[in-house]
Amino acid sequence: MAKKKFVVGCFNDEAVLFPAVKKVRTSGYKIQDVYTPFPVHGLDHALGMRETSLHTAGFIYGITGTTTALSCISWIFTKDWPLNIGGKPNFALPAWIPITFELTVLFAAVGMVLTFCYLCQLAPFVKKHHFHARATDDLFVMVIECTDKTNTEELTAFLSANGAVETDVQFVEEGWWIGRYDKDEMPFENKQIAAA
Amino acid sequence: MHLKYESQLREPLVDGDKDYHQVTEDIVRPIEAKPTRLWYIGFYIAAALLLFGVYSVYREVTYGIGQWNLNKTVGWGWDITNFVWWVGIGHAGTLISAILLLFRQGWRTGVNRAAEAMTIFAVMCAGQFPIFHMGRVWMAFFVLPYPNTRGPLWVNFNSPLLWDVFAISTYFTVSLLFWYSGLLPDFATVRDRAFTKLRKRLYGIASFGWTGSTKHWQRHESLSLVLAGLSTPLVLSVHTIVSFDFATSVIPGWHTTIFPPYFVAGAVFSGFAMVQTLMIIVRKVFQMDDYITLGHIEAMNKVIVLTGSIVGVAYLTELFMGWYSQNKYEGYTFWYSRAYLFSPYGWSYWGMMACNVISPQIFWFRKMRRNLFVTFFMSIIVNIGMWFERFVIIVTSLYRDYLPSSWSVYYSPTIWEIGFYAGTFGLFFVCFFLFAKYFPVIAIAEIKYVLKTSGENYKSKVGHIEEQPLEAFVHEHAHHH
């Protein structure tokens with residue numbers, strides 16, 4: 001994949017980040033993403049993202065579980081091997097409700113987690129580029145994709161003026177690949193290890 | 001900007017002067033430091049118990065179920081008692097992580113990670129008992145409905161025991177997914193600050209390449225909410241189905257319609273007691289007092305006194321129905337086999353009453369709810385009491401059946417039955433010690449999420465807002481919307 005150029009601005013407070021996001025967007029820059037250490041309420045709307053449809057997928061997986069359970073059990077108990085259990089009806093719907101419910105939940109949960117991993121491209125051994133090591137600690141890292149016309153000096157100055165505590169220009173590959181993290185920078189390498 | 005404000009009247013969830021980085025430092029510290037001597041001692045004791053358990057199970061598998069003292073009438077004894085006990089313990093984790101999330105209880109953030117871990121380990125322990133009770137454990141897969149060459153001969157979908165297979169395995173899977181999806185961002189935090197190559201690599205694998213992208217967080221939030229919504233009826237269904245194992249039979253003492261709610265309340269009761277035991281140890285050993293505050297301990301003690309009293313009402317209702325039904329078998333089971341102190345198992349019934357109903361009433365007093373020693377002691381008492389409850393339900397209903405000639409045998413366990421139970425303690429604590437050492441025991445991202453509304457140092461800054469008149473407050477904040 002071709003390398004792209006990004007301007008990175010790091011913020012240390014979400015109260016500063018929100019106005020900055022607004023200004024950067026109204027100035028016509030395209031925010032690639034904002035990496036945050038925790039879910040920041042309302043940031044997805046501020047970035048103009050649409051709502052996720054993950055819950056709809058969950059509903060579909062759930063009803064798949066319901067139909068799987070009901071169709072399998074009713075076929076087994078009425079067609080494939082009708083057992084006489086104390087003279088009770090073969091089609092014993094109330095007795096099947098527990099298993100039907102469990103399979104509904106199971107299908108919905110497993111399906112949703114797999115869909116989540118697929119949509120976010122998350123899996124063991126996957127490696128992605130990190131714009132800043134502290135994005136999972138205490139920094140809100142705004143990444144802006146550059147075009148041919150982007151003046152990077154102007155943009156970094158603009159970010160600093162809007163409260164960015166650190167700015168940076170990076171040429172990186174987007175997306176993910178199979179890889180290891182042990183070649184990454186280690187900002188805490190020389191840290192004193194305190195005894196617990 | 002949305003308004004971030006929470007009254008000072010509400011106790012802070014995070015004590016001390018913290019910022020986001022300090023939260024990371026505090027919670028990751030036990031992972032990055034060398035384990036203490038106490039950790040090693042605890043781990044080796046747990047490992048020794050686990051080995052004894054493995055040997056006990058080896059004897060049972062090799063020589064058969066006769067290694068246990070189960071007999072013609074007491075077909076379920078310690079094994080199923082322990083099964084129900086462990087499953088019940090698991091319930092608190094899901095209650096904290098799912099039901100309290102839906103009810104927007106902020107205090108769950110301090111304890112949910114460890115409580116969910118406890119759920120998973122407890123369900124792992126629980127599962128061992130019905131599996132090894134099968135005797136020929138190598139045939140265990142016969143409980144699964146798969147097309148086979150024996151007809152195909154299917155499992156009985158109308159049987160509560162099969163419902164249990166589905167309920168427990170679904171519960172385990174969903175709890176594991178819920179727990180692990182919450183761990184991904186925290187593993188990424190540990191990975192990005194790791195200072196050895198091995199740690200970078202392993203936490204890199206465990207974090208699935210998490211970056212903290214806004215879109216990913218948005219999906220993650222949606223996933224957590226739906227998984228919580230699914231887990232809530234799931235956790236209620238699991239112990240309901242466990243209670244169906246008894247309630248759908250016609251054994252006096254089991255054939256009871258109040259079993260499902262009564263079992264679920266009991267499960268939450270014992271589970272919270274186990275969470276208290278573990279949390280008090282964790283906050284002491286890892287110095288997490290700022291995150292697991294006395295407010296957290298008090299909130300859980302309130303749940304304990306509530307659910308303990310629900311269980312108490314259920315016990316009294318059962319006794320009443322034993323008399324009111326005028327069924328002599330019911331009456332005999334409840335009023336002789338259980339409630340009569342000098343009947344063979346009367347001691348277990350009164351042990352249960354003392355531990356589950358009488359002693360938790362101490363938590364009506366705020367001073368007691370906030371006393372760590374009392375809480376720790378009571379958490380052990382409650383778990384002993386809840387073990388007695390399952391023992392009472394199973395053994396006192398079985399040891400005297402309809403045929404008086406088979407009455408004489410007094411059931412008490414062999415050393416291998418006890419060893420199996422001890423072994424599950426070993427399994428549970430080996431897992432928990434490893435978890436406490438290698439996993440973030442508190443959900444880092446979730447603490448950061450509530451820090452600015454519920455942290456002590458941030459709350460003190462909003463004091464002036466509460467003193468100003470309403471008009472001034474509206475004037476100051478309305479234009480932000």
# chains A, B, ... in the order shown; residues from 1 in each chain; ligands from 1
>>> residues_around(residues="Tyr399 of chain B", least_positions_apart="6", cutoff="7 Å", atoms="only C-alpha atoms", output="list in words")
Thr73, Val74 and Trp407 of chain B
>>> write_last_selection(atoms="N, CA, C and O atoms", output="compact mmCIF listing (two decimals), in the first residue's frame")
# COMPACT_ATOMS: atom_id res chain seq x y z
N THR B 73 -30.54 -43.47 47.27
CA THR B 73 -31.47 -42.33 47.37
C THR B 73 -30.75 -41.01 47.16
O THR B 73 -31.26 -40.13 46.48
N VAL B 74 -29.56 -40.87 47.74
CA VAL B 74 -28.83 -39.62 47.57
C VAL B 74 -27.98 -39.75 46.30
O VAL B 74 -26.79 -40.01 46.33
N TRP B 407 -33.96 -45.88 54.08
CA TRP B 407 -33.76 -44.65 54.82
C TRP B 407 -32.47 -44.61 55.65
O TRP B 407 -32.02 -43.55 56.02
>>> select_by_dssp(residues="segment 170-364 of chain B", states="helix (DSSP H, G or I)", output="PyMOL selection string")
chain B and resi 170-192+197-206+214-247+259-285+294-324+328-338+346-364
>>> residues_around(residues="Gly179 of chain A", least_positions_apart="5", cutoff="9 Å", atoms="only C-alpha atoms", output="list of chain:residue names")
A:Phe125, A:Val126, A:Lys127, A:Lys128
>>> residues_around(residues="segment 24-29 of chain A", least_positions_apart="2", cutoff="9 Å", atoms="only C-alpha atoms", output="PDB file with N, CA, C and O atoms, in the first residue's frame")
ATOM      1  N   PRO A  19     -13.859  21.912  20.532  1.00  0.00           N
ATOM      2  CA  PRO A  19     -13.820  23.117  19.687  1.00  0.00           C
ATOM      3  C   PRO A  19     -12.802  22.990  18.556  1.00  0.00           C
ATOM      4  O   PRO A  19     -13.051  23.468  17.435  1.00  0.00           O
ATOM      5  N   ALA A  20     -11.681  22.312  18.835  1.00  0.00           N
ATOM      6  CA  ALA A  20     -10.646  22.148  17.810  1.00  0.00           C
ATOM      7  C   ALA A  20     -11.169  21.322  16.636  1.00  0.00           C
ATOM      8  O   ALA A  20     -10.951  21.666  15.468  1.00  0.00           O
ATOM      9  N   VAL A  21     -11.899  20.260  16.954  1.00  0.00           N
ATOM     10  CA  VAL A  21     -12.472  19.411  15.896  1.00  0.00           C
ATOM     11  C   VAL A  21     -13.392  20.248  15.009  1.00  0.00           C
ATOM     12  O   VAL A  21     -13.338  20.202  13.776  1.00  0.00           O
ATOM     13  N   LYS A  22     -14.208  21.070  15.667  1.00  0.00           N
ATOM     14  CA  LYS A  22     -15.153  21.903  14.944  1.00  0.00           C
ATOM     15  C   LYS A  22     -14.416  22.870  14.008  1.00  0.00           C
ATOM     16  O   LYS A  22     -14.766  23.009  12.827  1.00  0.00           O
ATOM     17  N   ILE A  31     -10.573  15.301   8.605  1.00  0.00           N
ATOM     18  CA  ILE A  31     -10.036  14.546   9.744  1.00  0.00           C
ATOM     19  C   ILE A  31     -10.148  13.056   9.430  1.00  0.00           C
ATOM     20  O   ILE A  31     -11.237  12.537   9.188  1.00  0.00           O
ATOM     21  N   LEU A  47     -17.477  14.487  14.611  1.00  0.00           N
ATOM     22  CA  LEU A  47     -16.687  14.144  13.422  1.00  0.00           C
ATOM     23  C   LEU A  47     -17.578  13.847  12.216  1.00  0.00           C
ATOM     24  O   LEU A  47     -17.083  13.527  11.141  1.00  0.00           O
ATOM     25  N   ILE A 144      -5.014  14.159  10.525  1.00  0.00           N
ATOM     26  CA  ILE A 144      -5.593  14.823   9.356  1.00  0.00           C
ATOM     27  C   ILE A 144      -4.842  14.378   8.119  1.00  0.00           C
ATOM     28  O   ILE A 144      -3.602  14.447   8.075  1.00  0.00           O
ATOM     29  N   GLU A 145      -5.580  13.894   7.118  1.00  0.00           N
ATOM     30  CA  GLU A 145      -4.932  13.415   5.898  1.00  0.00           C
ATOM     31  C   GLU A 145      -4.579  14.606   5.009  1.00  0.00           C
ATOM     32  O   GLU A 145      -5.384  15.518   4.821  1.00  0.00           O
ATOM     33  N   CYS A 146      -3.367  14.613   4.470  1.00  0.00           N
ATOM     34  CA  CYS A 146      -2.930  15.722   3.633  1.00  0.00           C
ATOM     35  C   CYS A 146      -3.215  15.436   2.167  1.00  0.00           C
ATOM     36  O   CYS A 146      -3.110  14.305   1.719  1.00  0.00           O
ATOM     37  N   THR A 150      -2.251  20.723   0.678  1.00  0.00           N
ATOM     38  CA  THR A 150      -2.164  21.039   2.101  1.00  0.00           C
ATOM     39  C   THR A 150      -0.803  21.655   2.439  1.00  0.00           C
ATOM     40  O   THR A 150       0.243  21.109   2.082  1.00  0.00           O
ATOM     41  N   LEU A 155      -0.915  24.148   8.761  1.00  0.00           N
ATOM     42  CA  LEU A 155      -1.856  23.288   9.473  1.00  0.00           C
ATOM     43  C   LEU A 155      -1.370  22.984  10.889  1.00  0.00           C
ATOM     44  O   LEU A 155      -2.149  23.051  11.853  1.00  0.00           O
ATOM     45  N   PHE A 158      -1.908  25.929  12.943  1.00  0.00           N
ATOM     46  CA  PHE A 158      -3.342  26.060  13.211  1.00  0.00           C
ATOM     47  C   PHE A 158      -3.760  25.137  14.360  1.00  0.00           C
ATOM     48  O   PHE A 158      -4.504  25.533  15.258  1.00  0.00           O
ATOM     49  N   LEU A 159      -3.241  23.919  14.355  1.00  0.00           N
ATOM     50  CA  LEU A 159      -3.570  22.967  15.429  1.00  0.00           C
ATOM     51  C   LEU A 159      -3.026  23.449  16.765  1.00  0.00           C
ATOM     52  O   LEU A 159      -3.719  23.409  17.784  1.00  0.00           O
ATOM     53  N   ASN A 162      -5.002  26.027  18.288  1.00  0.00           N
ATOM     54  CA  ASN A 162      -6.274  25.553  18.822  1.00  0.00           C
ATOM     55  C   ASN A 162      -6.106  24.590  19.993  1.00  0.00           C
ATOM     56  O   ASN A 162      -7.027  23.847  20.320  1.00  0.00           O
TER      57      ASN A 162
END
>>> interface_residues(of="chain B", to="chain A", cutoff="7 Å", atoms="only C-alpha atoms", output="number ranges by chain")
B: 20-21, 24, 30, 33-34, 36, 157-158, 163, 166-167, 170, 174, 188-189, 192-195, 197-198, 200-201, 204-206, 208-219, 222, 226-227, 230, 445-446, 448-449
>>> atom_distance(atom1="atom CA of Asp15 of chain B", atom2="atom CA of Glu467 of chain B")
22.6 Å
>>> select_by_dssp(residues="chain A", states="strand (DSSP E)", output="compact mmCIF listing (two decimals) with all heavy atoms, in the first residue's frame")
# COMPACT_ATOMS: atom_id res chain seq x y z
N LYS A 3 2.30 4.92 0.74
CA LYS A 3 2.35 5.71 1.97
C LYS A 3 1.61 7.02 1.78
O LYS A 3 1.62 7.60 0.68
CB LYS A 3 3.80 5.98 2.35
CG LYS A 3 4.46 4.76 2.95
CD LYS A 3 5.76 5.11 3.63
CE LYS A 3 6.29 3.90 4.36
NZ LYS A 3 7.56 4.14 5.03
N LYS A 4 0.99 7.49 2.84
CA LYS A 4 0.27 8.75 2.78
C LYS A 4 0.85 9.69 3.82
O LYS A 4 1.50 9.26 4.77
CB LYS A 4 -1.21 8.53 3.06
CG LYS A 4 -1.98 7.95 1.89
CD LYS A 4 -3.44 7.90 2.26
CE LYS A 4 -4.25 7.27 1.15
NZ LYS A 4 -5.62 7.02 1.61
N LYS A 5 0.55 10.98 3.63
CA LYS A 5 1.08 11.98 4.54
C LYS A 5 -0.02 12.45 5.48
O LYS A 5 -1.14 12.73 5.03
CB LYS A 5 1.59 13.16 3.71
CG LYS A 5 2.43 14.15 4.48
CD LYS A 5 3.00 15.12 3.47
CE LYS A 5 3.58 16.35 4.08
NZ LYS A 5 3.90 17.36 3.05
N PHE A 6 0.29 12.46 6.77
CA PHE A 6 -0.71 12.87 7.75
C PHE A 6 -0.14 13.94 8.67
O PHE A 6 1.04 13.91 9.00
CB PHE A 6 -1.12 11.69 8.63
CG PHE A 6 -1.81 10.58 7.89
CD1 PHE A 6 -1.10 9.49 7.41
CD2 PHE A 6 -3.17 10.64 7.66
CE1 PHE A 6 -1.73 8.48 6.72
CE2 PHE A 6 -3.81 9.62 6.98
CZ PHE A 6 -3.09 8.54 6.50
N VAL A 7 -1.00 14.86 9.07
CA VAL A 7 -0.63 15.81 10.11
C VAL A 7 -1.32 15.36 11.40
O VAL A 7 -2.52 15.04 11.39
CB VAL A 7 -1.05 17.24 9.75
CG1 VAL A 7 -0.86 18.18 10.94
CG2 VAL A 7 -0.23 17.73 8.58
N VAL A 8 -0.54 15.26 12.48
CA VAL A 8 -1.05 14.72 13.73
C VAL A 8 -1.04 15.82 14.79
O VAL A 8 -0.04 16.51 14.97
CB VAL A 8 -0.16 13.54 14.21
CG1 VAL A 8 -0.72 12.95 15.49
CG2 VAL A 8 -0.06 12.49 13.13
N GLY A 9 -2.18 16.00 15.46
CA GLY A 9 -2.24 16.95 16.56
C GLY A 9 -2.73 16.25 17.81
O GLY A 9 -3.72 15.53 17.77
N CYS A 10 -1.99 16.44 18.91
CA CYS A 10 -2.36 15.74 20.15
C CYS A 10 -2.93 16.73 21.15
O CYS A 10 -2.37 17.79 21.38
CB CYS A 10 -1.15 15.06 20.76
SG CYS A 10 -0.38 13.94 19.62
N PHE A 11 -4.03 16.37 21.77
CA PHE A 11 -4.70 17.20 22.76
C PHE A 11 -4.71 16.45 24.08
O PHE A 11 -4.77 15.23 24.10
CB PHE A 11 -6.14 17.51 22.32
CG PHE A 11 -6.20 18.27 21.03
CD1 PHE A 11 -6.07 17.61 19.82
CD2 PHE A 11 -6.37 19.64 21.04
CE1 PHE A 11 -6.11 18.31 18.63
CE2 PHE A 11 -6.42 20.34 19.85
CZ PHE A 11 -6.29 19.68 18.64
N ILE A 31 -10.57 15.30 8.60
CA ILE A 31 -10.04 14.55 9.74
C ILE A 31 -10.15 13.06 9.43
O ILE A 31 -11.24 12.54 9.19
CB ILE A 31 -10.79 14.87 11.04
CG1 ILE A 31 -10.60 16.35 11.40
CG2 ILE A 31 -10.29 14.00 12.19
CD1 ILE A 31 -11.29 16.78 12.67
N GLN A 32 -9.00 12.41 9.40
CA GLN A 32 -8.96 10.96 9.13
C GLN A 32 -9.59 10.21 10.30
O GLN A 32 -10.45 9.35 10.13
CB GLN A 32 -7.50 10.55 8.96
CG GLN A 32 -7.24 9.07 8.95
CD GLN A 32 -7.43 8.49 7.58
OE1 GLN A 32 -7.73 9.20 6.63
NE2 GLN A 32 -7.28 7.18 7.47
N ASP A 33 -9.15 10.57 11.51
CA ASP A 33 -9.65 9.88 12.71
C ASP A 33 -9.16 10.63 13.94
O ASP A 33 -8.22 11.41 13.84
CB ASP A 33 -9.13 8.44 12.75
CG ASP A 33 -10.12 7.50 13.42
OD1 ASP A 33 -10.92 7.98 14.24
OD2 ASP A 33 -10.10 6.30 13.12
N VAL A 34 -9.81 10.36 15.07
CA VAL A 34 -9.29 10.84 16.35
C VAL A 34 -9.15 9.61 17.24
O VAL A 34 -10.10 8.86 17.42
CB VAL A 34 -10.23 11.87 17.02
CG1 VAL A 34 -9.64 12.33 18.35
CG2 VAL A 34 -10.45 13.06 16.11
N TYR A 35 -7.91 9.39 17.73
CA TYR A 35 -7.65 8.23 18.58
C TYR A 35 -7.71 8.67 20.04
O TYR A 35 -7.03 9.61 20.43
CB TYR A 35 -6.27 7.64 18.26
CG TYR A 35 -6.19 7.15 16.84
CD1 TYR A 35 -5.70 7.97 15.83
CD2 TYR A 35 -6.66 5.89 16.50
CE1 TYR A 35 -5.66 7.53 14.51
CE2 TYR A 35 -6.63 5.44 15.20
CZ TYR A 35 -6.13 6.27 14.20
OH TYR A 35 -6.11 5.82 12.91
N VAL A 126 -2.81 -8.99 14.46
CA VAL A 126 -2.96 -7.84 13.59
C VAL A 126 -2.17 -6.67 14.17
O VAL A 126 -2.12 -6.48 15.38
CB VAL A 126 -4.45 -7.46 13.44
CG1 VAL A 126 -4.61 -6.02 12.98
CG2 VAL A 126 -5.13 -8.39 12.47
N LYS A 127 -1.52 -5.92 13.27
CA LYS A 127 -0.80 -4.73 13.72
C LYS A 127 -1.25 -3.54 12.89
O LYS A 127 -1.46 -3.67 11.69
CB LYS A 127 0.70 -4.95 13.54
CG LYS A 127 1.54 -3.73 13.88
CD LYS A 127 2.93 -4.15 14.28
CE LYS A 127 3.90 -2.99 14.36
NZ LYS A 127 3.41 -1.77 14.93
N LYS A 128 -1.42 -2.41 13.57
CA LYS A 128 -1.80 -1.19 12.86
C LYS A 128 -0.82 -0.09 13.22
O LYS A 128 -0.18 -0.16 14.27
CB LYS A 128 -3.21 -0.78 13.27
CG LYS A 128 -4.25 -1.75 12.79
CD LYS A 128 -5.62 -1.34 13.23
CE LYS A 128 -6.61 -2.38 12.79
NZ LYS A 128 -7.95 -2.11 13.27
N PHE A 140 -5.48 12.70 23.23
CA PHE A 140 -6.51 12.57 22.19
C PHE A 140 -5.82 12.97 20.89
O PHE A 140 -5.44 14.12 20.72
CB PHE A 140 -7.68 13.49 22.50
CG PHE A 140 -8.25 13.24 23.86
CD1 PHE A 140 -7.72 13.86 24.99
CD2 PHE A 140 -9.30 12.36 24.03
CE1 PHE A 140 -8.23 13.62 26.25
CE2 PHE A 140 -9.82 12.10 25.29
CZ PHE A 140 -9.28 12.74 26.40
N VAL A 141 -5.62 12.01 20.00
CA VAL A 141 -4.74 12.21 18.86
C VAL A 141 -5.57 12.41 17.59
O VAL A 141 -6.24 11.48 17.13
CB VAL A 141 -3.78 11.01 18.70
CG1 VAL A 141 -2.89 11.21 17.51
CG2 VAL A 141 -2.96 10.84 19.97
N MET A 142 -5.52 13.64 17.06
CA MET A 142 -6.28 13.96 15.86
C MET A 142 -5.38 13.77 14.64
O MET A 142 -4.26 14.29 14.61
CB MET A 142 -6.77 15.40 15.93
CG MET A 142 -7.72 15.77 14.80
SD MET A 142 -7.89 17.55 14.66
CE MET A 142 -8.76 17.94 16.15
N VAL A 143 -5.85 13.01 13.66
CA VAL A 143 -5.04 12.72 12.48
C VAL A 143 -5.73 13.30 11.26
O VAL A 143 -6.91 13.00 11.01
CB VAL A 143 -4.85 11.20 12.32
CG1 VAL A 143 -4.06 10.90 11.06
CG2 VAL A 143 -4.13 10.63 13.53
N ILE A 144 -5.01 14.16 10.53
CA ILE A 144 -5.59 14.82 9.36
C ILE A 144 -4.84 14.38 8.12
O ILE A 144 -3.60 14.45 8.08
CB ILE A 144 -5.52 16.36 9.50
CG1 ILE A 144 -6.28 16.78 10.77
CG2 ILE A 144 -6.07 17.06 8.28
CD1 ILE A 144 -5.96 18.17 11.20
N GLU A 145 -5.58 13.89 7.12
CA GLU A 145 -4.93 13.42 5.90
C GLU A 145 -4.58 14.61 5.01
O GLU A 145 -5.38 15.52 4.82
CB GLU A 145 -5.89 12.47 5.17
CG GLU A 145 -5.19 11.66 4.11
CD GLU A 145 -6.17 10.78 3.34
OE1 GLU A 145 -7.16 10.31 3.94
OE2 GLU A 145 -5.92 10.57 2.15
N GLU A 166 1.03 18.75 21.17
CA GLU A 166 2.11 18.20 20.36
C GLU A 166 1.60 18.12 18.94
O GLU A 166 0.44 17.80 18.70
CB GLU A 166 2.43 16.76 20.80
CG GLU A 166 3.57 16.60 21.76
CD GLU A 166 3.77 15.14 22.12
OE1 GLU A 166 4.04 14.34 21.19
OE2 GLU A 166 3.64 14.80 23.31
N THR A 167 2.47 18.42 17.96
CA THR A 167 2.08 18.23 16.56
C THR A 167 3.20 17.51 15.84
O THR A 167 4.34 17.50 16.30
CB THR A 167 1.82 19.57 15.85
OG1 THR A 167 2.92 20.43 16.11
CG2 THR A 167 0.54 20.21 16.31
N ASP A 168 2.85 16.94 14.69
CA ASP A 168 3.79 16.02 14.05
C ASP A 168 3.31 15.81 12.61
O ASP A 168 2.11 15.92 12.33
CB ASP A 168 3.74 14.70 14.84
CG ASP A 168 4.84 13.75 14.44
OD1 ASP A 168 5.75 14.18 13.71
OD2 ASP A 168 4.79 12.59 14.87
N VAL A 169 4.25 15.53 11.70
CA VAL A 169 3.88 15.15 10.33
C VAL A 169 4.44 13.76 10.08
O VAL A 169 5.60 13.49 10.34
CB VAL A 169 4.46 16.14 9.30
CG1 VAL A 169 4.04 15.72 7.89
CG2 VAL A 169 3.99 17.55 9.59
N GLN A 170 3.58 12.84 9.63
CA GLN A 170 4.05 11.45 9.46
C GLN A 170 3.69 10.93 8.07
O GLN A 170 2.60 11.20 7.55
CB GLN A 170 3.39 10.55 10.51
CG GLN A 170 3.79 10.88 11.93
CD GLN A 170 3.16 9.93 12.94
OE1 GLN A 170 2.76 8.81 12.60
NE2 GLN A 170 3.07 10.38 14.17
N PHE A 171 4.64 10.17 7.49
CA PHE A 171 4.37 9.44 6.24
C PHE A 171 4.15 7.99 6.63
O PHE A 171 5.08 7.33 7.07
CB PHE A 171 5.58 9.51 5.30
CG PHE A 171 5.73 10.82 4.62
CD1 PHE A 171 6.53 11.81 5.18
CD2 PHE A 171 5.09 11.07 3.42
CE1 PHE A 171 6.67 13.03 4.55
CE2 PHE A 171 5.23 12.28 2.79
CZ PHE A 171 6.03 13.27 3.35
N VAL A 172 2.93 7.52 6.50
CA VAL A 172 2.71 6.13 6.93
C VAL A 172 1.77 5.40 5.99
O VAL A 172 1.06 5.98 5.18
CB VAL A 172 2.10 6.06 8.35
CG1 VAL A 172 3.11 6.49 9.38
CG2 VAL A 172 0.84 6.86 8.45
N GLU A 173 1.81 4.08 6.16
CA GLU A 173 0.90 3.21 5.44
C GLU A 173 -0.37 3.10 6.26
O GLU A 173 -0.32 2.93 7.47
CB GLU A 173 1.52 1.81 5.34
CG GLU A 173 1.91 1.41 3.95
CD GLU A 173 2.54 0.04 3.98
OE1 GLU A 173 1.79 -0.94 4.06
OE2 GLU A 173 3.78 -0.05 3.93
N TRP A 176 -3.97 -2.33 7.97
CA TRP A 176 -3.39 -3.25 8.96
C TRP A 176 -2.62 -4.32 8.24
O TRP A 176 -2.75 -4.53 7.03
CB TRP A 176 -4.49 -3.87 9.80
CG TRP A 176 -5.48 -4.66 8.99
CD1 TRP A 176 -6.58 -4.19 8.37
CD2 TRP A 176 -5.41 -6.05 8.68
NE1 TRP A 176 -7.23 -5.19 7.71
CE2 TRP A 176 -6.52 -6.34 7.89
CE3 TRP A 176 -4.52 -7.08 9.02
CZ2 TRP A 176 -6.78 -7.62 7.40
CZ3 TRP A 176 -4.78 -8.35 8.53
CH2 TRP A 176 -5.91 -8.61 7.73
N TRP A 177 -1.78 -4.99 8.97
CA TRP A 177 -1.04 -6.12 8.44
C TRP A 177 -0.73 -7.07 9.60
O TRP A 177 -0.88 -6.72 10.76
CB TRP A 177 0.23 -5.65 7.74
CG TRP A 177 1.10 -4.77 8.58
CD1 TRP A 177 2.14 -5.19 9.36
CD2 TRP A 177 1.01 -3.36 8.74
NE1 TRP A 177 2.70 -4.12 10.00
CE2 TRP A 177 2.04 -2.98 9.65
CE3 TRP A 177 0.18 -2.35 8.22
CZ2 TRP A 177 2.24 -1.66 10.04
CZ3 TRP A 177 0.39 -1.04 8.62
CH2 TRP A 177 1.41 -0.71 9.51
N ILE A 178 -0.33 -8.27 9.23
CA ILE A 178 0.08 -9.21 10.27
C ILE A 178 1.43 -8.76 10.78
O ILE A 178 2.35 -8.54 9.98
CB ILE A 178 0.20 -10.64 9.70
CG1 ILE A 178 -1.13 -11.09 9.10
CG2 ILE A 178 0.68 -11.62 10.76
CD1 ILE A 178 -2.25 -11.27 10.08
>>> atom_distance(atom1="atom CA of Tyr63 of chain B", atom2="atom CA of Gly127 of chain B")
21.0 Å
>>> residues_around(residues="segment 300-311 of chain B", least_positions_apart="3", cutoff="9 Å", atoms="only C-alpha atoms", output="PyMOL selection string")
chain B and resi 262-263+265-270+272-273+275-276+295-297+314-316+356-358+360-364+369-370+375+382
>>> write_last_selection(atoms="C-alpha atoms", output="PDB file, in the first residue's frame")
ATOM      1  CA  TYR B 262     -35.528 -17.732  44.816  1.00  0.00           C
ATOM      2  CA  PHE B 263     -32.512 -19.317  43.087  1.00  0.00           C
ATOM      3  CA  ALA B 265     -31.765 -14.033  44.338  1.00  0.00           C
ATOM      4  CA  GLY B 266     -29.618 -16.605  46.126  1.00  0.00           C
ATOM      5  CA  ALA B 267     -27.158 -16.635  43.240  1.00  0.00           C
ATOM      6  CA  VAL B 268     -26.754 -12.859  43.309  1.00  0.00           C
ATOM      7  CA  PHE B 269     -26.425 -13.015  47.092  1.00  0.00           C
ATOM      8  CA  SER B 270     -23.588 -15.536  47.076  1.00  0.00           C
ATOM      9  CA  PHE B 272     -21.723 -10.548  45.674  1.00  0.00           C
ATOM     10  CA  ALA B 273     -20.255 -12.171  48.768  1.00  0.00           C
ATOM     11  CA  VAL B 275     -16.912 -10.368  44.875  1.00  0.00           C
ATOM     12  CA  GLN B 276     -16.465  -8.780  48.307  1.00  0.00           C
ATOM     13  CA  GLY B 295     -18.547   3.501  48.689  1.00  0.00           C
ATOM     14  CA  HIS B 296     -18.174   0.491  46.385  1.00  0.00           C
ATOM     15  CA  ILE B 297     -18.011  -1.894  49.325  1.00  0.00           C
ATOM     16  CA  ALA B 314     -38.349 -17.615  50.258  1.00  0.00           C
ATOM     17  CA  TYR B 315     -37.314 -19.957  53.101  1.00  0.00           C
ATOM     18  CA  LEU B 316     -40.260 -18.847  55.210  1.00  0.00           C
ATOM     19  CA  ASN B 356     -27.986 -16.398  55.077  1.00  0.00           C
ATOM     20  CA  VAL B 357     -30.909 -14.806  56.849  1.00  0.00           C
ATOM     21  CA  ILE B 358     -29.919 -13.762  60.354  1.00  0.00           C
ATOM     22  CA  PRO B 360     -26.574 -10.382  56.957  1.00  0.00           C
ATOM     23  CA  GLN B 361     -29.107  -8.227  58.830  1.00  0.00           C
ATOM     24  CA  ILE B 362     -26.052  -6.570  60.383  1.00  0.00           C
ATOM     25  CA  PHE B 363     -25.769  -4.640  57.116  1.00  0.00           C
ATOM     26  CA  TRP B 364     -28.759  -2.473  57.984  1.00  0.00           C
ATOM     27  CA  ARG B 369     -21.527  -1.775  55.722  1.00  0.00           C
ATOM     28  CA  ARG B 370     -18.406   0.381  55.620  1.00  0.00           C
ATOM     29  CA  THR B 375     -17.526  -7.177  55.314  1.00  0.00           C
ATOM     30  CA  VAL B 382     -22.585 -15.870  53.325  1.00  0.00           C
TER      31      VAL B 382
END
>>> residues_around(residues="Ile168 of chain B", least_positions_apart="5", cutoff="12 Å", atoms="only C-alpha atoms", output="PyMOL selection string")
(chain A and resi 98-99+102-103+106) or (chain B and resi 83-84+86-88+90-91+119-120+122-128+130-131+160-163+173-175+234-242)
